[in-house]
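Source file start05.cif; content: mmCIF, C-alpha atoms (C1' of nucleotides).
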```cif
data_coords
#
loop_
_atom_site.group_PDB
_atom_site.id
_atom_site.type_symbol
_atom_site.label_atom_id
_atom_site.label_comp_id
_atom_site.auth_asym_id
_atom_site.auth_seq_id
_atom_site.Cartn_x
_atom_site.Cartn_y
_atom_site.Cartn_z
ATOM 1 C CA MET Z 771 0.000 0.000 0.000
ATOM 2 C CA LYS Z 772 1.314 3.480 -0.861
ATOM 3 C CA LYS Z 773 2.177 5.712 2.098
ATOM 4 C CA ARG Z 774 -0.280 8.290 0.910
ATOM 5 C CA ASP Z 775 -3.057 5.702 0.809
ATOM 6 C CA ILE Z 776 -2.162 4.495 4.294
ATOM 7 C CA LEU Z 777 -2.411 8.049 5.638
ATOM 8 C CA PHE Z 778 -5.881 8.454 4.155
ATOM 9 C CA LYS Z 779 -7.071 5.016 5.200
ATOM 10 C CA VAL Z 780 -5.874 5.403 8.776
ATOM 11 C CA TYR Z 781 -7.694 8.712 9.018
ATOM 12 C CA GLU Z 782 -10.856 7.224 7.634
ATOM 13 C CA LYS Z 783 -10.681 4.264 9.969
ATOM 14 C CA LEU Z 784 -10.011 6.352 13.058
ATOM 15 C CA TYR Z 785 -12.768 8.794 12.232
ATOM 16 C CA ASN Z 786 -15.225 5.956 11.742
ATOM 17 C CA MET Z 787 -14.103 4.354 15.010
ATOM 18 C CA TYR Z 788 -13.966 7.370 17.275
ATOM 19 C CA GLY Z 789 -15.884 10.158 15.532
ATOM 20 C CA PRO Z 790 -15.030 13.843 15.909
ATOM 21 C CA GLN Z 791 -12.788 14.662 18.913
ATOM 22 C CA HIS Z 792 -13.764 18.339 19.264
ATOM 23 C CA TRP Z 793 -10.207 19.555 19.774
ATOM 24 C CA TRP Z 794 -8.576 21.576 21.226
ATOM 25 C CA PRO Z 795 -10.094 21.155 24.696
ATOM 26 C CA GLY Z 796 -10.138 24.850 25.670
ATOM 27 C CA ASP Z 797 -12.567 27.739 25.608
ATOM 28 C CA THR Z 798 -10.440 30.437 24.005
ATOM 29 C CA PRO Z 799 -7.372 30.694 21.763
ATOM 30 C CA PHE Z 800 -5.396 31.977 24.739
ATOM 31 C CA GLU Z 801 -6.373 28.965 26.798
ATOM 32 C CA VAL Z 802 -5.264 26.740 23.920
ATOM 33 C CA ILE Z 803 -1.847 28.388 23.928
ATOM 34 C CA VAL Z 804 -1.419 28.026 27.675
ATOM 35 C CA GLY Z 805 -2.527 24.400 27.418
ATOM 36 C CA ALA Z 806 -0.081 23.744 24.593
ATOM 37 C CA ILE Z 807 2.820 24.914 26.733
ATOM 38 C CA LEU Z 808 1.658 23.174 29.900
ATOM 39 C CA THR Z 809 1.029 19.829 28.216
ATOM 40 C CA GLN Z 810 4.645 19.439 27.094
ATOM 41 C CA ASN Z 811 5.584 15.903 28.088
ATOM 42 C CA THR Z 812 2.682 15.910 30.517
ATOM 43 C CA ASN Z 813 -0.617 14.132 30.975
ATOM 44 C CA TRP Z 814 -3.554 16.338 29.963
ATOM 45 C CA GLY Z 815 -5.425 15.678 33.208
ATOM 46 C CA ASN Z 816 -2.650 17.408 35.129
ATOM 47 C CA VAL Z 817 -2.794 20.347 32.739
ATOM 48 C CA GLU Z 818 -6.505 20.758 33.371
ATOM 49 C CA LYS Z 819 -5.857 21.187 37.075
ATOM 50 C CA ALA Z 820 -3.267 23.856 36.399
ATOM 51 C CA ILE Z 821 -5.583 25.722 34.017
ATOM 52 C CA ALA Z 822 -8.424 25.500 36.531
ATOM 53 C CA ASN Z 823 -6.158 27.167 39.108
ATOM 54 C CA LEU Z 824 -5.397 30.009 36.703
ATOM 55 C CA LYS Z 825 -9.090 30.450 35.940
ATOM 56 C CA THR Z 826 -10.039 30.492 39.617
ATOM 57 C CA GLU Z 827 -7.543 33.285 40.201
ATOM 58 C CA GLY Z 828 -8.824 35.157 37.147
ATOM 59 C CA LEU Z 829 -5.373 35.099 35.603
ATOM 60 C CA LEU Z 830 -5.976 33.226 32.360
ATOM 61 C CA SER Z 831 -5.384 36.188 30.079
ATOM 62 C CA PRO Z 832 -2.347 37.896 28.538
ATOM 63 C CA GLU Z 833 -2.629 40.726 31.060
ATOM 64 C CA GLY Z 834 -3.114 38.333 33.963
ATOM 65 C CA LEU Z 835 -0.037 36.313 33.138
ATOM 66 C CA ARG Z 836 1.954 39.457 32.471
ATOM 67 C CA GLU Z 837 1.272 40.819 35.936
ATOM 68 C CA ILE Z 838 1.655 37.655 37.986
ATOM 69 C CA HIS Z 839 4.989 36.967 39.688
ATOM 70 C CA HIS Z 840 6.962 33.972 38.442
ATOM 71 C CA ASN Z 841 6.799 32.184 41.802
ATOM 72 C CA HIS Z 842 3.055 32.644 42.137
ATOM 73 C CA LEU Z 843 2.539 31.410 38.588
ATOM 74 C CA ALA Z 844 4.747 28.376 39.234
ATOM 75 C CA MET Z 845 2.707 27.552 42.326
ATOM 76 C CA LEU Z 846 -0.581 27.718 40.422
ATOM 77 C CA ILE Z 847 0.598 25.488 37.582
ATOM 78 C CA ARG Z 848 2.348 23.052 39.898
ATOM 79 C CA PRO Z 849 0.050 20.096 39.040
ATOM 80 C CA SER Z 850 1.183 20.187 35.413
ATOM 81 C CA GLY Z 851 4.768 19.296 36.370
ATOM 82 C CA TYR Z 852 8.040 21.083 35.456
ATOM 83 C CA PHE Z 853 6.340 24.064 37.046
ATOM 84 C CA ASN Z 854 9.412 26.303 37.293
ATOM 85 C CA ILE Z 855 10.384 25.654 33.696
ATOM 86 C CA LYS Z 856 6.842 26.132 32.425
ATOM 87 C CA ALA Z 857 6.245 29.315 34.407
ATOM 88 C CA GLY Z 858 9.270 30.717 32.606
ATOM 89 C CA ARG Z 859 8.004 29.499 29.255
ATOM 90 C CA LEU Z 860 4.613 31.122 29.759
ATOM 91 C CA LYS Z 861 6.356 34.357 30.740
ATOM 92 C CA HIS Z 862 8.551 34.176 27.640
ATOM 93 C CA PHE Z 863 5.516 33.762 25.443
ATOM 94 C CA ILE Z 864 3.739 36.679 27.106
ATOM 95 C CA ASP Z 865 6.813 38.876 26.681
ATOM 96 C CA HIS Z 866 6.877 37.980 23.012
ATOM 97 C CA LEU Z 867 3.159 38.636 22.621
ATOM 98 C CA PHE Z 868 3.406 42.136 24.055
ATOM 99 C CA LYS Z 869 6.683 42.998 22.409
ATOM 100 C CA ARG Z 870 5.813 41.820 18.924
ATOM 101 C CA CYS Z 871 2.014 41.930 18.790
ATOM 102 C CA ASP Z 872 0.939 44.515 21.391
ATOM 103 C CA GLY Z 873 -0.498 41.723 23.513
ATOM 104 C CA SER Z 874 -2.999 40.886 20.774
ATOM 105 C CA LEU Z 875 -3.512 37.326 19.588
ATOM 106 C CA LYS Z 876 -5.484 38.721 16.687
ATOM 107 C CA LYS Z 877 -2.408 40.584 15.568
ATOM 108 C CA MET Z 878 -0.232 37.518 16.046
ATOM 109 C CA PHE Z 879 -2.556 35.364 13.975
ATOM 110 C CA SER Z 880 -2.988 37.923 11.217
ATOM 111 C CA LYS Z 881 0.551 37.205 10.053
ATOM 112 C CA ASP Z 882 1.079 34.635 7.355
ATOM 113 C CA LEU Z 883 1.824 31.087 8.433
ATOM 114 C CA LYS Z 884 5.572 31.117 7.825
ATOM 115 C CA GLU Z 885 6.066 34.394 9.627
ATOM 116 C CA ALA Z 886 3.874 33.454 12.590
ATOM 117 C CA ARG Z 887 5.647 30.107 12.929
ATOM 118 C CA ARG Z 888 9.113 31.620 12.696
ATOM 119 C CA GLU Z 889 8.282 34.117 15.427
ATOM 120 C CA LEU Z 890 6.794 31.485 17.723
ATOM 121 C CA LEU Z 891 9.917 29.355 17.384
ATOM 122 C CA GLU Z 892 11.990 32.305 18.558
ATOM 123 C CA VAL Z 893 10.266 32.094 21.926
ATOM 124 C CA LYS Z 894 12.377 30.138 24.414
ATOM 125 C CA GLY Z 895 10.394 27.093 25.440
ATOM 126 C CA ILE Z 896 8.318 26.856 22.275
ATOM 127 C CA GLY Z 897 9.571 24.134 19.970
ATOM 128 C CA PRO Z 898 8.092 22.797 16.736
ATOM 129 C CA GLU Z 899 5.265 20.774 18.245
ATOM 130 C CA THR Z 900 4.103 23.495 20.606
ATOM 131 C CA ALA Z 901 4.343 26.107 17.856
ATOM 132 C CA ASP Z 902 2.349 23.996 15.421
ATOM 133 C CA SER Z 903 -0.293 23.154 18.032
ATOM 134 C CA ILE Z 904 -0.723 26.863 18.700
ATOM 135 C CA LEU Z 905 -0.883 27.680 15.002
ATOM 136 C CA LEU Z 906 -3.406 24.960 14.179
ATOM 137 C CA TYR Z 907 -5.631 24.918 17.240
ATOM 138 C CA ALA Z 908 -5.492 28.559 18.336
ATOM 139 C CA GLY Z 909 -4.688 30.288 15.051
ATOM 140 C CA GLN Z 910 -6.587 28.054 12.623
ATOM 141 C CA TYR Z 911 -3.611 27.759 10.303
ATOM 142 C CA PRO Z 912 -3.431 24.644 8.085
ATOM 143 C CA ILE Z 913 -0.383 22.954 9.594
ATOM 144 C CA PHE Z 914 -0.010 19.333 10.661
ATOM 145 C CA VAL Z 915 1.127 18.699 14.233
ATOM 146 C CA ILE Z 916 3.626 15.905 14.774
ATOM 147 C CA ASP Z 917 3.856 14.478 18.259
ATOM 148 C CA ALA Z 918 5.387 11.423 19.910
ATOM 149 C CA TYR Z 919 2.302 9.312 19.165
ATOM 150 C CA THR Z 920 2.333 10.285 15.501
ATOM 151 C CA VAL Z 921 5.945 9.258 15.119
ATOM 152 C CA ARG Z 922 5.568 6.033 17.084
ATOM 153 C CA ILE Z 923 2.389 4.890 15.375
ATOM 154 C CA PHE Z 924 3.519 5.619 11.846
ATOM 155 C CA GLN Z 925 6.962 4.160 12.434
ATOM 156 C CA ARG Z 926 5.292 0.968 13.529
ATOM 157 C CA LEU Z 927 3.079 1.107 10.449
ATOM 158 C CA GLY Z 928 6.189 1.419 8.301
ATOM 159 C CA VAL Z 929 5.327 4.885 7.004
ATOM 160 C CA LEU Z 930 8.052 6.761 8.899
ATOM 161 C CA THR Z 931 11.646 5.644 9.399
ATOM 162 C CA GLU Z 932 13.256 5.257 12.810
ATOM 163 C CA GLU Z 933 15.451 8.306 12.234
ATOM 164 C CA VAL Z 934 12.733 10.610 10.871
ATOM 165 C CA THR Z 935 12.947 14.234 12.003
ATOM 166 C CA TYR Z 936 10.016 16.429 12.994
ATOM 167 C CA HIS Z 937 10.199 18.388 9.783
ATOM 168 C CA GLU Z 938 10.455 15.311 7.582
ATOM 169 C CA ALA Z 939 7.465 13.682 9.230
ATOM 170 C CA GLN Z 940 5.459 16.863 8.867
ATOM 171 C CA GLU Z 941 6.369 17.067 5.201
ATOM 172 C CA ILE Z 942 5.173 13.519 4.576
ATOM 173 C CA PHE Z 943 1.768 14.253 6.075
ATOM 174 C CA MET Z 944 1.413 17.650 4.461
ATOM 175 C CA ASP Z 945 2.479 16.436 1.025
ATOM 176 C CA ALA Z 946 -0.040 13.609 1.161
ATOM 177 C CA LEU Z 947 -3.068 15.329 2.674
ATOM 178 C CA PRO Z 948 -5.146 18.324 1.636
ATOM 179 C CA HIS Z 949 -4.220 21.462 3.594
ATOM 180 C CA ASP Z 950 -7.493 21.557 5.438
ATOM 181 C CA VAL Z 951 -7.631 23.000 8.950
ATOM 182 C CA ALA Z 952 -10.581 20.858 10.004
ATOM 183 C CA MET Z 953 -8.918 17.664 8.798
ATOM 184 C CA PHE Z 954 -5.519 18.456 10.314
ATOM 185 C CA ASN Z 955 -7.297 19.279 13.564
ATOM 186 C CA GLU Z 956 -9.226 16.023 13.581
ATOM 187 C CA TYR Z 957 -6.414 13.786 12.389
ATOM 188 C CA HIS Z 958 -3.967 14.811 15.095
ATOM 189 C CA ALA Z 959 -6.644 14.526 17.775
ATOM 190 C CA LEU Z 960 -7.558 11.041 16.534
ATOM 191 C CA ILE Z 961 -3.906 9.985 16.564
ATOM 192 C CA VAL Z 962 -3.622 11.051 20.192
ATOM 193 C CA ARG Z 963 -6.829 9.215 21.030
ATOM 194 C CA LEU Z 964 -5.535 6.032 19.415
ATOM 195 C CA GLY Z 965 -2.050 6.411 20.827
ATOM 196 C CA LYS Z 966 -3.231 6.813 24.408
ATOM 197 C CA GLU Z 967 -5.138 3.589 24.146
ATOM 198 C CA PHE Z 968 -2.818 1.371 22.122
ATOM 199 C CA CYS Z 969 0.642 2.748 21.483
ATOM 200 C CA ARG Z 970 3.036 2.672 24.448
ATOM 201 C CA PRO Z 971 6.747 3.417 23.990
ATOM 202 C CA LEU Z 972 7.681 -0.110 24.946
ATOM 203 C CA PRO Z 973 6.062 -2.886 22.954
ATOM 204 C CA LYS Z 974 3.098 -4.244 24.809
ATOM 205 C CA CYS Z 975 0.836 -6.225 22.603
ATOM 206 C CA ASN Z 976 -2.803 -5.552 22.999
ATOM 207 C CA ALA Z 977 -5.239 -5.922 20.181
ATOM 208 C CA CYS Z 978 -4.555 -2.702 18.314
ATOM 209 C CA PRO Z 979 -7.297 -1.871 15.836
ATOM 210 C CA LEU Z 980 -4.983 -1.125 12.915
ATOM 211 C CA ARG Z 981 -3.322 -4.501 12.600
ATOM 212 C CA GLU Z 982 -4.599 -6.913 9.943
ATOM 213 C CA GLU Z 983 -5.465 -4.040 7.679
ATOM 214 C CA PHE Z 984 -2.015 -2.508 7.334
ATOM 215 C CA CYS Z 985 0.372 -5.217 6.220
ATOM 216 C CA GLY Z 986 0.125 -6.956 9.571
ATOM 217 C CA TYR Z 987 1.980 -4.179 11.353
ATOM 218 C CA CYS Z 988 0.801 -3.567 14.851
ATOM 219 C CA ILE Z 989 1.040 -0.141 16.424
ATOM 220 C CA SER Z 990 1.159 -1.568 19.916
ATOM 221 C CA GLY Z 991 4.613 -2.824 19.051
ATOM 222 C CA GLY Z 992 3.777 -6.407 19.873
ATOM 223 C CA VAL Z 993 3.449 -9.218 17.409
ATOM 224 C CA ALA Z 994 0.612 -8.979 14.978
ATOM 225 C CA LYS Z 995 -1.570 -11.979 14.200
ATOM 226 C CA SER Z 996 -0.077 -12.347 10.782
ATOM 227 C CA SER Z 997 3.450 -13.725 10.829
ATOM 228 C CA ARG Z 998 5.116 -10.436 10.005
ATOM 229 C CA SER Z 999 6.871 -9.041 13.006
ATOM 230 C CA CYS Z 1000 6.088 -5.635 14.351
ATOM 231 C CA ARG Z 1001 8.461 -2.739 14.518
ATOM 232 C "C1'" DG N 1370 7.673 0.548 42.477
ATOM 233 C "C1'" DA N 1371 7.900 1.067 37.458
ATOM 234 C "C1'" DC N 1372 6.076 3.207 33.651
ATOM 235 C "C1'" DC N 1373 4.047 6.897 31.258
ATOM 236 C "C1'" DA N 1374 2.368 11.593 29.789
ATOM 237 C "C1'" DG N 1375 -0.131 15.785 23.452
ATOM 238 C "C1'" DG N 1376 8.665 18.599 24.768
ATOM 239 C "C1'" DC N 1377 12.368 21.565 25.055
ATOM 240 C "C1'" DA N 1378 16.907 23.523 26.146
ATOM 241 C "C1'" DC N 1379 21.380 22.832 27.220
ATOM 242 C "C1'" DA N 1380 25.862 20.375 28.242
ATOM 243 C "C1'" DT N 1381 29.087 17.344 26.604
ATOM 244 C "C1'" DC N 1382 31.564 14.580 23.542
ATOM 245 C "C1'" DG Y 1286 25.668 16.908 14.833
ATOM 246 C "C1'" DA Y 1287 24.383 13.310 17.812
ATOM 247 C "C1'" DT Y 1288 23.581 11.759 22.224
ATOM 248 C "C1'" DG Y 1289 22.436 12.295 27.122
ATOM 249 C "C1'" DT Y 1290 20.270 14.711 30.897
ATOM 250 C "C1'" DG Y 1291 17.363 17.829 33.793
ATOM 251 C "C1'" DC Y 1292 12.975 19.414 34.467
ATOM 252 C "C1'" DA Y 1293 8.357 17.201 38.226
ATOM 253 C "C1'" DT Y 1294 3.545 16.097 39.034
ATOM 254 C "C1'" DG Y 1295 -0.007 12.598 39.190
ATOM 255 C "C1'" DG Y 1296 -2.441 8.444 37.309
ATOM 256 C "C1'" DT Y 1297 -2.317 3.397 36.278
#
```
Now, as a test, write the supplied structure out as structure tokens.
Amino acid sequence: MKKRDILFKVYEKLYNMYGPQHWWPGDTPFEVIVGAILTQNTNWGNVEKAIANLKTEGLLSPEGLREIHHNHLAMLIRPSGYFNIKAGRLKHFIDHLFKRCDGSLKKMFSKDLKEARRELLEVKGIGPETADSILLYAGQYPIFVIDAYTVRIFQRLGVLTEEVTYHEAQEIFMDALPHDVAMFNEYHALIVRLGKEFCRPLPKCNACPLREEFCGYCISGGVAKSSRSCR
DNA sequence: GACCAGGCACATC
DNA sequence: GATGTGCATGGT
């Protein structure tokens, strides 16, 4: 099966299995951005607690996070882990937002995709995945987010190599799929949904729903029913 | 107790 | 440039 066909078929199968995921889980673009930073290498449930703390204190806004002291911010986001690091990262983003866009997300997202992405990547603590999550889910730009699940699943399906870089993986998805915000939104969310359930870092064979159909590869990393071994 | 979670920056070789 | 390590909480 061609890689391009696999990418389409996986999407179709996941959508039929799980339906729309209604991502990103957040009420406003600003909340999406804060969530994107807080969820770095962190379980989403912990992020929700941190965001709830910010909401309770009425600080979930550019102005709120600009005024709050680093230590107070770190305390509030403590449940999301790496709280000192992430407090700094939120502060760096806020500094950038006020310096470059007058504190206005509208202004930030009125730039073209390349420019907005380049500027986000200049912010210390915002790497490619966080930048792309912000662009897609807060800014509604057509860009495909690559995360650990995406890499792991599609390596095990034989679509991505072991050594693939973020940019290369992104190119493969974006060359194959239509540049459609709604589809990119849904596809990434579905990948996370599938990954959480079936695709652990260490092989642990449970009956992953994509085996059989895709050359016998098994995203759980265990041995598929057909004789071909999993990656 | 081990493993894992929707990464990133930095030191070291 | 590639490889390793620190950052940290909370759920299973």
I want to know what sits within 8 Å of region 1289-1293 of chain Y, based on all atoms listed in the file, with residues of the same chain fewer than 4 positions away left out; could you give that as an mmCIF file with C-alpha atoms, keeping the file's coordinate frame?
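result06.cif, written as the output of this step:
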```
data_model
loop_
_atom_site.group_PDB
_atom_site.id
_atom_site.type_symbol
_atom_site.label_atom_id
_atom_site.label_comp_id
_atom_site.auth_asym_id
_atom_site.auth_seq_id
_atom_site.Cartn_x
_atom_site.Cartn_y
_atom_site.Cartn_z
ATOM 1 C CA GLY Z 851 4.768 19.296 36.370
ATOM 2 C CA TYR Z 852 8.040 21.083 35.456
ATOM 3 C CA PHE Z 853 6.340 24.064 37.046
ATOM 4 C CA ILE Z 855 10.384 25.654 33.696
#
```
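The nearest approach to Leu890 (chain Z) among the residues Z:Asp872, Z:Asp950, Z:Asp865, Z:Asp797, with all atoms listed in the file taken into account, belongs to Z:Asp865.
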For this session: Please provide the set of residues having any atom within 12 Å of His840 (chain Z), restricted to all atoms listed in the file, with same-chain residues fewer than 5 positions apart removed, written as a ChimeraX atom specification.
Result: /Z:834-835,845-848,853-862
Exercise. What does the distance between CA of Ile807 (chain Z) and CA of Glu782 (chain Z) come to in Å, to one decimal place?
Worked result: 29.4 Å
Exercise. Can you list what the PyMOL selection byres ((chain Z) within 9 of (chain N)) grabs from this structure, as JSON, numbers by chain?
Worked result: {"Z": [806, 807, 809, 810, 811, 812, 813, 814, 894, 895, 896, 897, 899, 900, 917, 918, 919, 959, 962, 970, 971]}
Pull C-alpha atoms from the residues just selected and write them as a PDB file, in the frame of the given file.
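Done, and the output landed in selection_5.pdb:
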```pdb
ATOM      1  CA  ALA Z 806      -0.081  23.744  24.593  1.00  0.00           C
ATOM      2  CA  ILE Z 807       2.820  24.914  26.733  1.00  0.00           C
ATOM      3  CA  THR Z 809       1.029  19.829  28.216  1.00  0.00           C
ATOM      4  CA  GLN Z 810       4.645  19.439  27.094  1.00  0.00           C
ATOM      5  CA  ASN Z 811       5.584  15.903  28.088  1.00  0.00           C
ATOM      6  CA  THR Z 812       2.682  15.910  30.517  1.00  0.00           C
ATOM      7  CA  ASN Z 813      -0.617  14.132  30.975  1.00  0.00           C
ATOM      8  CA  TRP Z 814      -3.554  16.338  29.963  1.00  0.00           C
ATOM      9  CA  LYS Z 894      12.377  30.138  24.414  1.00  0.00           C
ATOM     10  CA  GLY Z 895      10.394  27.093  25.440  1.00  0.00           C
ATOM     11  CA  ILE Z 896       8.318  26.856  22.275  1.00  0.00           C
ATOM     12  CA  GLY Z 897       9.571  24.134  19.970  1.00  0.00           C
ATOM     13  CA  GLU Z 899       5.265  20.774  18.245  1.00  0.00           C
ATOM     14  CA  THR Z 900       4.103  23.495  20.606  1.00  0.00           C
ATOM     15  CA  ASP Z 917       3.856  14.478  18.259  1.00  0.00           C
ATOM     16  CA  ALA Z 918       5.387  11.423  19.910  1.00  0.00           C
ATOM     17  CA  TYR Z 919       2.302   9.312  19.165  1.00  0.00           C
ATOM     18  CA  ALA Z 959      -6.644  14.526  17.775  1.00  0.00           C
ATOM     19  CA  VAL Z 962      -3.622  11.051  20.192  1.00  0.00           C
ATOM     20  CA  ARG Z 970       3.036   2.672  24.448  1.00  0.00           C
ATOM     21  CA  PRO Z 971       6.747   3.417  23.990  1.00  0.00           C
TER      22      PRO Z 971
END
```
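Coordinates place CA of Ile923 (chain Z) at a distance of 5.3 Å from CA of Ile989 (chain Z).
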Problem set entry | Polymer residues at most 12 Å from Thr931 (chain Z), all atoms listed in the file, same-chain spacing of 4 or more positions, as a PyMOL selection string | chain Z and resi 773+921-927+935-936+938-939+942+1001
For this session: Mind giving me the straight-line distance from CA of Phe863 (chain Z) to CA of Asp882 (chain Z) in Å, one decimal?
Result: 18.6 Å
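Residue nearest Ile838 (chain Z), chosen from Z:Gly789, Z:Ala886, Z:Leu824, Z:Met771 and counting only C-alpha atoms: Z:Leu824.
Each of Z:Val802, Z:Ile961, Z:Val951, Z:Ala844 was compared to chain Y using all atoms listed in the file, and Z:Ala844 turns out to be the nearest.
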Seminar exercise, completed: For chain Y, the closest of Z:Gly815, Z:Phe868, Z:Leu808, Z:Ile776 counting all atoms listed in the file is Z:Gly815
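For the choices Z:Glu933, Z:Val804, Z:Asn955, Z:Tyr788, the atom-to-atom distance to DA1287 (chain Y) is smallest for Z:Glu933 when using all atoms listed in the file.
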For this session: Evaluate the PyMOL selection byres ((chain Z and resi 958) around 12) and record the selected residues as a PyMOL selection string, following the chain and residue labels used in the document.
Result: (chain Z and resi 777+780-781+784-785+790-794+899+902-903+906-907+913-921+923+940+943+951-957+959-965) or (chain N and resi 1375)
Next, write the just-selected residues to a file, as a short mmCIF file (atom, residue, chain, number, x, y, z; two decimals), in the frame of the given file, keeping C-alpha atoms (C1' of nucleotides) as the atom set.
```cif
data_model
loop_
_atom_site.label_atom_id
_atom_site.label_comp_id
_atom_site.auth_asym_id
_atom_site.auth_seq_id
_atom_site.Cartn_x
_atom_site.Cartn_y
_atom_site.Cartn_z
CA LEU Z 777 -2.41 8.05 5.64
CA VAL Z 780 -5.87 5.40 8.78
CA TYR Z 781 -7.69 8.71 9.02
CA LEU Z 784 -10.01 6.35 13.06
CA TYR Z 785 -12.77 8.79 12.23
CA PRO Z 790 -15.03 13.84 15.91
CA GLN Z 791 -12.79 14.66 18.91
CA HIS Z 792 -13.76 18.34 19.26
CA TRP Z 793 -10.21 19.56 19.77
CA TRP Z 794 -8.58 21.58 21.23
CA GLU Z 899 5.26 20.77 18.24
CA ASP Z 902 2.35 24.00 15.42
CA SER Z 903 -0.29 23.15 18.03
CA LEU Z 906 -3.41 24.96 14.18
CA TYR Z 907 -5.63 24.92 17.24
CA ILE Z 913 -0.38 22.95 9.59
CA PHE Z 914 -0.01 19.33 10.66
CA VAL Z 915 1.13 18.70 14.23
CA ILE Z 916 3.63 15.90 14.77
CA ASP Z 917 3.86 14.48 18.26
CA ALA Z 918 5.39 11.42 19.91
CA TYR Z 919 2.30 9.31 19.16
CA THR Z 920 2.33 10.28 15.50
CA VAL Z 921 5.94 9.26 15.12
CA ILE Z 923 2.39 4.89 15.38
CA GLN Z 940 5.46 16.86 8.87
CA PHE Z 943 1.77 14.25 6.08
CA VAL Z 951 -7.63 23.00 8.95
CA ALA Z 952 -10.58 20.86 10.00
CA MET Z 953 -8.92 17.66 8.80
CA PHE Z 954 -5.52 18.46 10.31
CA ASN Z 955 -7.30 19.28 13.56
CA GLU Z 956 -9.23 16.02 13.58
CA TYR Z 957 -6.41 13.79 12.39
CA ALA Z 959 -6.64 14.53 17.77
CA LEU Z 960 -7.56 11.04 16.53
CA ILE Z 961 -3.91 9.98 16.56
CA VAL Z 962 -3.62 11.05 20.19
CA ARG Z 963 -6.83 9.22 21.03
CA LEU Z 964 -5.54 6.03 19.42
CA GLY Z 965 -2.05 6.41 20.83
"C1'" DG N 1375 -0.13 15.78 23.45
#
```
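Listed by chain and then by number, the residues chosen by the PyMOL selection byres ((chain Y and resi 1295) around 8) in this file are Asn816 and Pro849 of chain Z; DT1294 and DG1296 of chain Y.
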Requested write-out: C-alpha atoms (C1' of nucleotides) of the selected residues, as a CSV table (one decimal), in the frame of the given file:
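Dumped everything to out30.csv:
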```csv
chain,number,residue,atom,x,y,z
Z,816,ASN,CA,-2.6,17.4,35.1
Z,849,PRO,CA,0.0,20.1,39.0
Y,1294,DT,C1',3.5,16.1,39.0
Y,1296,DG,C1',-2.4,8.4,37.3
```
